Amino acid sequence: MTSNPRATGRLPREVLETDPSVIYVLDRDLRITYCNAAWDRFAVENGGMDLVRPHLLGRSVMDSVPQVLHGFFEDGYRKALSSGETWEHSYECSSASTYRAFRMLTYPEPDRSGLVVVNLILVAHPHNDVERQPHALEPGLYLDDFGVLKMCSHCRRVSRVGEPGQWDWVPALVEAPPARVSHGLCAMCVHLYYPDPG
Ligand SMILES: [Zn+2]
């Protein structure tokens with residue numbers, strides 16, 4: 001659980017639009033009101049042209065949840081809406097050739113008008129290559145020339161060196177960080193926790 005955001009209003013869509021994670025926004029009836037550019041990239045890469053944005057808006061997110069999981073997801077979404085607390089959940093979403101695991105962070109909009117659902121990729125590798133975890137095994141992507149890792153103070157995603165705006169969830173670096181860590185904030189957490197007054 002994460003503490004309540006202090007922001008008011010809604011998360012700026014331009015921040016969500018450029019976030020590398022797949023993000024969608026639900027209204028209080030759990031209908032999809034927004035998906036970001038990363039959503040479209042994911043849909044196209046996975047052969048789901050009927051899943052790109054215009055086709056999804058207004059649909060219930062529950063339509064894309066397997067029946068057996070309806071209770072679980074509905075419960076989680078509803079609790080986040082009523083409590084104002086972030087709901088976190090890990091899940092697998094693999095394709096025929098690739099195993100993928102995600103961590104889903106469900107943030108209530110600061111004004112409680114709905115939910116922002118952020119899907120952070122944890123692991124992606126071919127099914128037959130279970131040892132490979134690209135993020136976890138390539139700390140060089142995250143350490144600068146001085147060996148310093150930059151981590152978001154709130155969501156603990158880490159910043160990729162030389163790729164501004166790319167924040168990844170790397171469990172190994174959260175569990176065993178290098179000696180030198182500088183704490184920063186990703187754009188989404190800035191807007192959630194440190195909004196511009198006025
Ligand atoms: Zn963050």
# chains A, B, ... in the order shown; residues from 1 in each chain; ligands from 1

call {"tool": "residues_near_ligand", "arguments": {"ligand": "ligand 1", "cutoff": "6 Å", "atoms": "only C-alpha atoms and all ligand atoms", "output": "ChimeraX atom specification"}}
result
/A:152,154-155,185-186,188-189

call {"tool": "residues_around", "arguments": {"residues": "stretch 54-67 of chain A", "least_positions_apart": "5", "cutoff": "6 Å", "atoms": "only C-alpha atoms", "output": "list of chain:residue names"}}
result
A:Leu30, A:Arg31, A:Ile32, A:Thr33

call {"tool": "select_by_dssp", "arguments": {"residues": "stretch 136-165 of chain A", "states": "strand (DSSP E)", "output": "PDB file with C-alpha atoms, in the first residue's frame"}}
result
ATOM      1  CA  LEU A 149      21.646   4.298  -9.614  1.00  0.00           C
ATOM      2  CA  LYS A 150      18.745   6.757  -9.834  1.00  0.00           C
ATOM      3  CA  MET A 151      15.590   5.471  -8.170  1.00  0.00           C
ATOM      4  CA  CYS A 152      12.154   7.068  -7.860  1.00  0.00           C
ATOM      5  CA  VAL A 158      14.799   2.981 -11.683  1.00  0.00           C
ATOM      6  CA  SER A 159      15.894   5.353 -14.399  1.00  0.00           C
TER       7      SER A 159
END

call {"tool": "atom_distance", "arguments": {"atom1": "atom CA of A:Glu109", "atom2": "atom CA of A:Gly84"}}
result
8.3 Å

call {"tool": "residues_around", "arguments": {"residues": "A:Ala187", "least_positions_apart": "5", "cutoff": "12 Å", "atoms": "only C-alpha atoms", "output": "list in words"}}
result
Leu11, Pro12, Arg13, Glu14, Val15, Leu16, Glu17, Thr18, Asp19, Pro20, Cys152, Ser153, His154, Cys155, Arg157, Ser159, Pro164, Gly165, Gln166, Trp167, Leu192, Tyr193, Tyr194 and Pro195 of chain A

call {"tool": "select_by_dssp", "arguments": {"residues": "stretch 47-107 of chain A", "states": "alpha helix (DSSP H)", "output": "list of chain:residue names"}}
result
A:Arg53, A:Pro54, A:His55, A:Leu56, A:His70, A:Gly71, A:Phe72, A:Phe73, A:Glu74, A:Asp75, A:Gly76, A:Tyr77, A:Arg78, A:Lys79, A:Ala80, A:Leu81, A:Ser82, A:Ser83

call {"tool": "write_last_selection", "arguments": {"atoms": "C-alpha atoms", "output": "mmCIF file, in the first residue's frame"}}
result
data_model
loop_
_atom_site.group_PDB
_atom_site.id
_atom_site.type_symbol
_atom_site.label_atom_id
_atom_site.label_comp_id
_atom_site.auth_asym_id
_atom_site.auth_seq_id
_atom_site.Cartn_x
_atom_site.Cartn_y
_atom_site.Cartn_z
ATOM 1 C CA ARG A 53 -7.404 2.868 -28.571
ATOM 2 C CA PRO A 54 -10.484 3.988 -30.492
ATOM 3 C CA HIS A 55 -12.017 0.524 -30.192
ATOM 4 C CA LEU A 56 -11.627 0.327 -26.451
ATOM 5 C CA HIS A 70 -13.891 -11.182 -12.337
ATOM 6 C CA GLY A 71 -14.431 -11.282 -8.589
ATOM 7 C CA PHE A 72 -10.773 -10.686 -7.841
ATOM 8 C CA PHE A 73 -10.331 -7.694 -10.158
ATOM 9 C CA GLU A 74 -13.686 -6.109 -9.421
ATOM 10 C CA ASP A 75 -12.931 -6.368 -5.721
ATOM 11 C CA GLY A 76 -9.465 -4.842 -6.112
ATOM 12 C CA TYR A 77 -10.659 -1.958 -8.272
ATOM 13 C CA ARG A 78 -13.597 -1.224 -5.973
ATOM 14 C CA LYS A 79 -11.416 -1.239 -2.862
ATOM 15 C CA ALA A 80 -8.962 1.188 -4.470
ATOM 16 C CA LEU A 81 -11.858 3.492 -5.382
ATOM 17 C CA SER A 82 -13.438 3.428 -1.944
ATOM 18 C CA SER A 83 -10.252 3.518 0.142
#

call {"tool": "closest_residue", "arguments": {"among": "A:Val190, A:Ile121, A:Leu69, A:Leu143", "to": "A:Ala38", "atoms": "only C-alpha atoms"}}
result
A:Ile121

call {"tool": "closest_residue", "arguments": {"among": "A:Arg100, A:His191, A:Arg180, A:His89", "to": "A:Asp145", "atoms": "only C-alpha atoms"}}
result
A:Arg180

call {"tool": "atom_distance", "arguments": {"atom1": "atom CA of A:Cys35", "atom2": "atom CA of A:Val68"}}
result
24.4 Å
